[in-house]
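Structure file my_file-v2.cif with mmCIF, C-alpha atoms:
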```cif
data_coords
#
loop_
_atom_site.label_atom_id
_atom_site.label_comp_id
_atom_site.auth_asym_id
_atom_site.auth_seq_id
_atom_site.Cartn_x
_atom_site.Cartn_y
_atom_site.Cartn_z
CA MET A 1 103.07 101.04 65.15
CA SER A 2 104.40 98.01 66.95
CA GLY A 3 106.35 97.28 63.79
CA ALA A 4 108.28 100.54 64.20
CA LEU A 5 108.87 99.80 67.88
CA ASP A 6 110.17 96.34 67.05
CA ILE A 7 112.53 97.77 64.46
CA ALA A 8 113.78 100.39 66.94
CA THR A 9 114.33 97.66 69.53
CA ALA A 10 116.19 95.53 67.01
CA VAL A 11 118.42 98.44 66.01
CA LEU A 12 119.20 99.28 69.64
CA LEU A 13 119.93 95.66 70.56
CA VAL A 14 122.26 95.21 67.58
CA ALA A 15 123.99 98.54 68.31
CA GLY A 16 124.38 97.55 71.97
CA GLY A 17 125.79 94.20 70.92
CA PHE A 18 128.18 95.96 68.57
CA PHE A 19 129.56 98.11 71.41
CA CYS A 20 129.85 95.04 73.68
CA ILE A 21 131.98 93.35 71.02
CA VAL A 22 134.01 96.53 70.47
CA GLY A 23 134.69 96.63 74.23
CA GLY A 24 135.88 93.02 74.09
CA VAL A 25 138.05 93.68 71.04
CA GLY A 26 139.55 96.72 72.77
CA LEU A 27 140.26 94.65 75.85
CA HIS A 28 142.49 92.48 73.68
CA ARG A 29 143.96 95.10 71.35
CA PHE A 30 145.03 97.66 73.95
CA SER A 31 148.45 96.90 75.30
CA GLU A 32 148.39 97.48 79.03
CA PHE A 33 146.18 97.23 82.08
CA TYR A 34 145.08 100.85 82.44
CA GLN A 35 144.23 101.17 78.75
CA ARG A 36 142.18 98.01 78.85
CA THR A 37 139.93 99.40 81.56
CA HIS A 38 138.88 102.12 79.11
CA ALA A 39 137.81 99.52 76.57
CA ALA A 40 135.77 97.77 79.24
CA SER A 41 133.86 100.95 79.99
CA VAL A 42 132.56 100.98 76.39
CA THR A 43 130.79 97.71 77.15
CA ASP A 44 129.49 99.07 80.46
CA THR A 45 128.00 102.28 79.07
CA ALA A 46 127.15 102.09 75.37
CA GLY A 47 126.73 98.30 75.23
CA ALA A 48 124.55 97.79 78.28
CA GLY A 49 122.81 101.16 77.93
CA LEU A 50 121.62 100.67 74.35
CA MET A 51 120.49 97.09 75.04
CA LEU A 52 118.50 98.14 78.11
CA LEU A 53 116.99 101.03 76.14
CA GLY A 54 115.92 98.61 73.42
CA LEU A 55 114.31 96.31 75.98
CA MET A 56 112.52 99.26 77.61
CA LEU A 57 110.83 100.02 74.30
CA GLN A 58 109.32 96.53 74.42
CA GLY A 59 108.28 96.95 78.06
CA GLY A 60 106.35 100.15 77.42
CA LEU A 61 105.09 101.99 80.49
CA SER A 62 105.17 99.03 82.82
CA MET A 63 106.82 97.49 85.85
CA VAL A 64 109.27 95.79 83.50
CA THR A 65 110.53 99.16 82.27
CA LEU A 66 110.85 100.42 85.84
CA LYS A 67 112.99 97.40 86.66
CA LEU A 68 115.13 97.93 83.57
CA LEU A 69 115.59 101.58 84.57
CA LEU A 70 116.72 100.47 88.01
CA VAL A 71 119.13 97.97 86.43
CA LEU A 72 120.58 100.81 84.35
CA ALA A 73 120.81 103.11 87.38
CA PHE A 74 122.57 100.49 89.51
CA LEU A 75 124.92 99.72 86.63
CA LEU A 76 125.79 103.40 86.24
CA PHE A 77 126.65 103.60 89.94
CA SER A 78 128.47 100.29 90.31
CA SER A 79 130.56 100.14 87.14
CA PRO A 80 132.58 103.33 87.77
CA ALA A 81 133.08 102.28 91.39
CA ILE A 82 134.45 98.93 90.22
CA ALA A 83 136.64 100.51 87.52
CA HIS A 84 137.97 103.00 90.04
CA ALA A 85 138.67 100.28 92.62
CA LEU A 86 140.58 98.27 89.99
CA VAL A 87 142.84 101.07 88.77
CA LYS A 88 143.37 102.48 92.24
CA ALA A 89 144.43 99.07 93.53
CA ALA A 90 146.79 98.62 90.55
CA HIS A 91 148.19 102.13 90.96
CA GLY A 92 148.51 101.77 94.71
CA HIS A 93 150.49 98.57 94.34
CA GLY A 94 152.88 100.25 91.94
CA LEU A 95 151.81 98.94 88.54
CA ALA A 96 153.50 101.51 86.32
CA LEU A 97 151.52 103.66 83.91
CA GLU A 98 152.89 104.13 80.40
CA LEU A 99 152.57 107.86 80.03
CA GLU A 100 153.41 110.48 77.44
CA ILE A 101 152.33 113.45 79.49
CA GLU A 102 152.20 113.75 83.22
CA ASP A 103 151.33 116.64 85.48
CA GLU A 104 154.03 117.48 87.97
CA ARG A 105 153.45 115.39 91.05
CA GLY A 106 151.27 113.48 88.65
CA GLY A 107 151.84 109.79 88.92
CA ASP A 108 153.69 110.01 92.17
CA GLY A 109 152.15 109.02 94.97
CA ASP A 110 152.81 108.02 98.32
CA ALA A 111 150.50 105.36 97.08
CA ALA A 112 152.81 104.15 94.35
CA GLY A 113 155.69 103.38 96.68
CA MET B 1 114.55 112.38 106.20
CA ARG B 2 115.50 108.95 107.50
CA LEU B 3 111.86 107.99 107.45
CA GLY B 4 111.85 109.12 103.83
CA VAL B 5 114.63 106.65 103.05
CA LEU B 6 112.68 103.90 104.79
CA LEU B 7 109.58 104.69 102.73
CA LEU B 8 111.66 104.84 99.55
CA LEU B 9 113.16 101.42 100.28
CA ALA B 10 109.75 99.95 101.00
CA ALA B 11 108.40 101.43 97.76
CA VAL B 12 111.31 100.00 95.76
CA TRP B 13 110.85 96.57 97.31
CA LEU B 14 107.12 96.68 96.65
CA ALA B 15 107.71 97.72 93.04
CA LEU B 16 110.30 95.05 92.43
CA SER B 17 108.98 92.01 94.21
CA GLY B 18 106.00 93.05 96.22
CA PRO B 19 103.01 90.84 96.76
CA TYR B 20 99.91 92.54 95.50
CA THR B 21 97.66 90.24 97.43
CA LEU B 22 97.96 89.55 101.12
CA ASP B 23 97.26 85.83 101.02
CA GLY B 24 100.59 84.67 102.37
CA TRP B 25 102.71 85.84 105.26
CA LEU B 26 106.15 84.60 104.17
CA ILE B 27 106.86 87.04 101.33
CA PRO B 28 105.76 90.18 103.24
CA VAL B 29 107.94 89.06 106.17
CA PHE B 30 110.91 88.59 103.84
CA GLY B 31 110.18 92.05 102.48
CA LEU B 32 110.11 93.61 105.94
CA VAL B 33 113.36 91.88 106.88
CA SER B 34 115.15 92.96 103.70
CA VAL B 35 113.91 96.54 103.94
CA ALA B 36 114.96 96.68 107.61
CA PHE B 37 118.37 95.25 106.71
CA VAL B 38 119.03 97.78 103.94
CA TRP B 39 117.75 100.62 106.12
CA ARG B 40 120.20 99.53 108.81
CA LEU B 41 123.00 99.60 106.19
CA TYR B 42 121.90 103.08 105.15
CA LEU B 43 122.02 104.34 108.74
CA ALA B 44 125.54 102.92 109.16
CA LEU B 45 126.61 104.59 105.90
CA GLU B 46 125.06 107.87 107.00
CA ARG B 47 127.02 107.69 110.24
CA ALA B 48 130.24 106.84 108.41
CA ALA B 49 129.74 109.72 105.96
CA GLY B 50 128.88 112.17 108.70
CA GLY B 51 125.53 113.06 107.19
CA GLY B 52 122.93 111.88 104.74
CA PHE B 53 122.29 112.75 101.17
CA GLU B 54 119.11 114.69 100.72
CA PHE B 55 117.13 112.64 98.25
CA PHE B 56 114.08 114.76 98.54
CA ARG B 57 115.20 118.20 97.48
CA ALA B 58 112.84 119.11 94.70
CA ALA B 59 115.34 121.54 93.15
CA ALA B 60 117.89 118.81 92.47
CA TRP B 61 115.27 116.53 90.91
CA LEU B 62 114.07 119.34 88.64
CA ARG B 63 117.59 119.81 87.31
CA LEU B 64 118.08 116.07 86.86
CA PRO B 65 116.64 115.70 83.30
CA ARG B 66 118.98 118.31 81.86
CA PHE B 67 121.93 116.67 83.64
CA LEU B 68 121.00 113.25 82.30
CA VAL B 69 120.74 114.54 78.73
CA SER B 70 124.12 116.24 78.97
CA PHE B 71 125.54 113.09 80.58
CA ALA B 72 124.16 110.84 77.83
CA VAL B 73 125.48 113.10 75.06
CA LYS B 74 128.99 113.24 76.55
CA VAL B 75 129.15 109.51 77.26
CA ALA B 76 127.88 108.74 73.74
CA ALA B 77 130.48 111.01 72.12
CA ALA B 78 133.26 109.46 74.22
CA ASN B 79 132.05 105.99 73.28
CA VAL B 80 132.25 106.83 69.58
CA HIS B 81 135.75 108.24 70.05
CA VAL B 82 137.06 105.20 71.97
CA THR B 83 135.34 102.83 69.52
CA LYS B 84 137.24 104.55 66.69
CA LEU B 85 140.48 104.13 68.65
CA ILE B 86 139.79 100.44 69.23
CA LEU B 87 138.87 99.68 65.64
CA SER B 88 141.60 101.73 63.96
CA PRO B 89 144.10 99.53 62.12
CA ARG B 90 147.01 100.90 64.12
CA ILE B 91 146.20 101.73 67.71
CA GLU B 92 147.81 105.02 68.59
CA LEU B 93 147.33 106.15 72.14
CA HIS B 94 148.90 109.08 73.93
CA PRO B 95 148.10 108.27 77.55
CA ARG B 96 148.40 111.02 80.09
CA LEU B 97 147.85 111.67 83.76
CA ARG B 98 146.34 114.95 84.88
CA ARG B 99 145.44 116.64 88.11
CA VAL B 100 141.98 118.14 87.94
CA THR B 101 140.33 120.31 90.55
CA ALA B 102 136.84 119.27 91.53
CA SER B 103 134.99 122.46 92.39
CA GLN B 104 132.08 120.69 94.08
CA LYS B 105 131.70 121.58 97.72
CA THR B 106 130.04 118.39 98.92
CA SER B 107 131.58 114.93 98.93
CA PHE B 108 128.46 113.74 97.11
CA GLY B 109 129.20 116.15 94.29
CA GLN B 110 132.85 115.13 94.14
CA VAL B 111 131.99 111.43 94.00
CA LEU B 112 129.43 112.14 91.28
CA TYR B 113 132.06 114.05 89.29
CA ALA B 114 134.68 111.30 89.74
CA ASN B 115 132.15 108.67 88.66
CA PHE B 116 131.12 110.80 85.67
CA ILE B 117 134.77 110.91 84.53
CA THR B 118 135.28 107.19 85.10
CA LEU B 119 132.07 106.28 83.30
CA THR B 120 133.13 108.28 80.25
CA PRO B 121 135.23 105.93 78.12
CA GLY B 122 138.70 107.36 77.57
CA THR B 123 139.06 108.90 81.00
CA ILE B 124 139.26 107.28 84.40
CA THR B 125 139.68 108.64 87.92
CA LEU B 126 142.69 107.10 89.64
CA ASP B 127 142.50 108.94 92.91
CA LEU B 128 140.59 111.62 94.78
CA ARG B 129 142.39 113.57 97.46
CA ASP B 130 141.01 116.68 99.10
CA ASP B 131 139.45 118.38 96.10
CA GLU B 132 141.90 117.13 93.49
CA LEU B 133 141.22 114.30 91.07
CA LEU B 134 143.96 112.25 89.45
CA VAL B 135 142.64 111.56 85.95
CA TYR B 136 144.13 109.10 83.48
CA ALA B 137 143.17 109.74 79.84
CA LEU B 138 143.83 107.76 76.68
CA ASP B 139 144.70 110.70 74.42
CA ALA B 140 144.38 114.45 73.93
CA GLU B 141 140.77 114.28 72.76
CA SER B 142 139.61 112.22 75.75
CA GLU B 143 141.55 114.50 78.04
CA ALA B 144 139.91 117.59 76.56
CA ASP B 145 136.49 116.28 77.63
CA VAL B 146 137.57 116.67 81.24
CA MET B 147 139.93 119.63 80.97
CA ASP B 148 137.37 121.96 79.40
CA GLY B 149 135.48 121.83 82.68
CA SER B 150 132.04 121.20 81.20
CA MET B 151 131.50 118.01 83.22
CA ASP B 152 132.55 119.89 86.34
CA ARG B 153 129.90 122.52 85.64
CA ASP B 154 127.26 119.87 84.91
CA VAL B 155 127.86 118.26 88.29
CA LEU B 156 127.97 121.65 90.04
CA ARG B 157 124.52 122.39 88.67
CA ILE B 158 123.01 119.16 89.93
CA GLU B 159 124.87 119.24 93.23
CA GLY B 160 122.50 119.81 96.03
CA GLY B 161 121.80 118.47 99.42
CA SER B 162 124.38 118.25 102.12
CA ASN B 163 127.67 116.53 102.65
#
```

Represent the structure from my file as structure tokens, please.
Amino acid sequence: MSGALDIATAVLLVAGGFFCIVGGVGLHRFSEFYQRTHAASVTDTAGAGLMLLGLMLQGGLSMVTLKLLLVLAFLLFSSPAIAHALVKAAHGHGLALELEIEDERGGDGDAAG
Amino acid sequence: MRLGVLLLLAAVWLALSGPYTLDGWLIPVFGLVSVAFVWRLYLALERAAGGGFEFFRAAAWLRLPRFLVSFAVKVAAANVHVTKLILSPRIELHPRLRRVTASQKTSFGQVLYANFITLTPGTITLDLRDDELLVYALDAESEADVMDGSMDRDVLRIEGGSN
């Protein structure tokens, strides 16, 4: 029983680690600022999420699991806020987006001036 | 309502770091101070937002599990897609910027929707003005996740409370 749990935890931790590395690789391989933020969000969601899930399996129904759930919840609120603040600041200060398609009025912005 | 927030904060503090015996006075005092401080922050936020979020509407909590499952499935699919993009030998991106209408009526719902989009790898919310989101997507497939409106509907379903 605990053997199966341990295996599940191991799988989740390794999978989470894999996505963390993928996020890091993407951060380097993508070519510009806005694209790189997307790679970072792989680490934030899949990487951290799977690792926390794996740790929760070890915690069982306990205070530890509650704390891990809260960590996950705070992460899911803070990481998009941070990502949004980053790209909005970059966009607002006129860092150009490399775009193939753009809605009319799309990238404009009084902000971009 | 505000008292509810106070009780919630106290419960969270007790769960996270609470003393389960009352043999010292320092830790409980720290707890009181920190709960009072965060409550004060909440009241300031509530004033700034022009109203509070209703944490205690049972209806919204009942719909939460379904929302979370849908959220997890979409974020997982987007993660797989972006992982493929990152690991492909030649990175081919077709970045695009789209205007998307957020049909949520409350600012809470709109923020939740914008965060949902940002949290999904492949799409990110650049700006939110009135009820229009400026969404930056890596390619057509990422864009489709937002443009098909399913996230919008998910958030609409969970949206409750006021303001």

Could you state which residues are captured by the PyMOL selection byres ((chain B) within 7 of (chain A)) in this file, as JSON, numbers by chain? {"B": [16, 76, 79, 83, 86, 94, 95, 96, 97, 98, 99, 115, 118, 119, 121, 122, 125, 126, 127, 138]}

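Among the candidate residues B:Glu159, B:His81, B:Val75, B:Phe67, the one lying nearest to Ser107 in chain B is B:Glu159, with distances computed using only C-alpha atoms.
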
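CA of Ala78 in chain B is positioned 14.3 Å from CA of Tyr136 in chain B.
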
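Near Asp145 in chain B, within a cut-off of 9 Å and counting only C-alpha atoms, sit the residues Lys74, Ala78, Ile117, Thr123, Ala140, Glu141, Gly149, Ser150 and Met151 of chain B, with same-chain residues fewer than 4 positions away left out.
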
Would you compute the distance between CA of Asp139 in chain B and CA of Ile124 in chain B? Give it in Å to one decimal. 11.9 Å

Determine the residue set returned by the PyMOL selection byres ((chain B and resi 157) around 10) for the present structure, and present it as JSON, numbers by chain. {"B": [60, 63, 64, 66, 67, 104, 109, 151, 152, 153, 154, 155, 156, 158, 159, 160]}

So what does the PyMOL selection byres ((chain B and resi 130) around 12) actually pick up in this one, as a PDB file with C-alpha atoms, in the frame of the given file?
```pdb
ATOM      1  CA  ARG B  99     145.440 116.640  88.110  1.00  0.00           C
ATOM      2  CA  VAL B 100     141.980 118.140  87.940  1.00  0.00           C
ATOM      3  CA  THR B 101     140.330 120.310  90.550  1.00  0.00           C
ATOM      4  CA  ALA B 102     136.840 119.270  91.530  1.00  0.00           C
ATOM      5  CA  SER B 103     134.990 122.460  92.390  1.00  0.00           C
ATOM      6  CA  GLN B 104     132.080 120.690  94.080  1.00  0.00           C
ATOM      7  CA  LYS B 105     131.700 121.580  97.720  1.00  0.00           C
ATOM      8  CA  THR B 106     130.040 118.390  98.920  1.00  0.00           C
ATOM      9  CA  SER B 107     131.580 114.930  98.930  1.00  0.00           C
ATOM     10  CA  GLN B 110     132.850 115.130  94.140  1.00  0.00           C
ATOM     11  CA  VAL B 111     131.990 111.430  94.000  1.00  0.00           C
ATOM     12  CA  ASP B 127     142.500 108.940  92.910  1.00  0.00           C
ATOM     13  CA  LEU B 128     140.590 111.620  94.780  1.00  0.00           C
ATOM     14  CA  ARG B 129     142.390 113.570  97.460  1.00  0.00           C
ATOM     15  CA  ASP B 131     139.450 118.380  96.100  1.00  0.00           C
ATOM     16  CA  GLU B 132     141.900 117.130  93.490  1.00  0.00           C
ATOM     17  CA  LEU B 133     141.220 114.300  91.070  1.00  0.00           C
ATOM     18  CA  LEU B 134     143.960 112.250  89.450  1.00  0.00           C
TER      19      LEU B 134
END
```

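Going from CA of Ala15 in chain A to CA of Val71 in chain A covers 18.8 Å.
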
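Nearest to Leu7 in chain B of all the residues B:Trp61, B:Tyr113, B:Trp39, B:Trp25 is B:Trp39, based on all atoms listed in the file.
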
How big is the axis-aligned box around the listed atoms of range 26-37 of chain A once 6 Å is added on each side, and where is its centre? Give both in Å to one decimal, as lines of an AutoDock Vina configuration file.
```
center_x = 144.0
center_y = 96.8
center_z = 76.9
size_x = 20.9
size_y = 20.7
size_z = 23.1
```
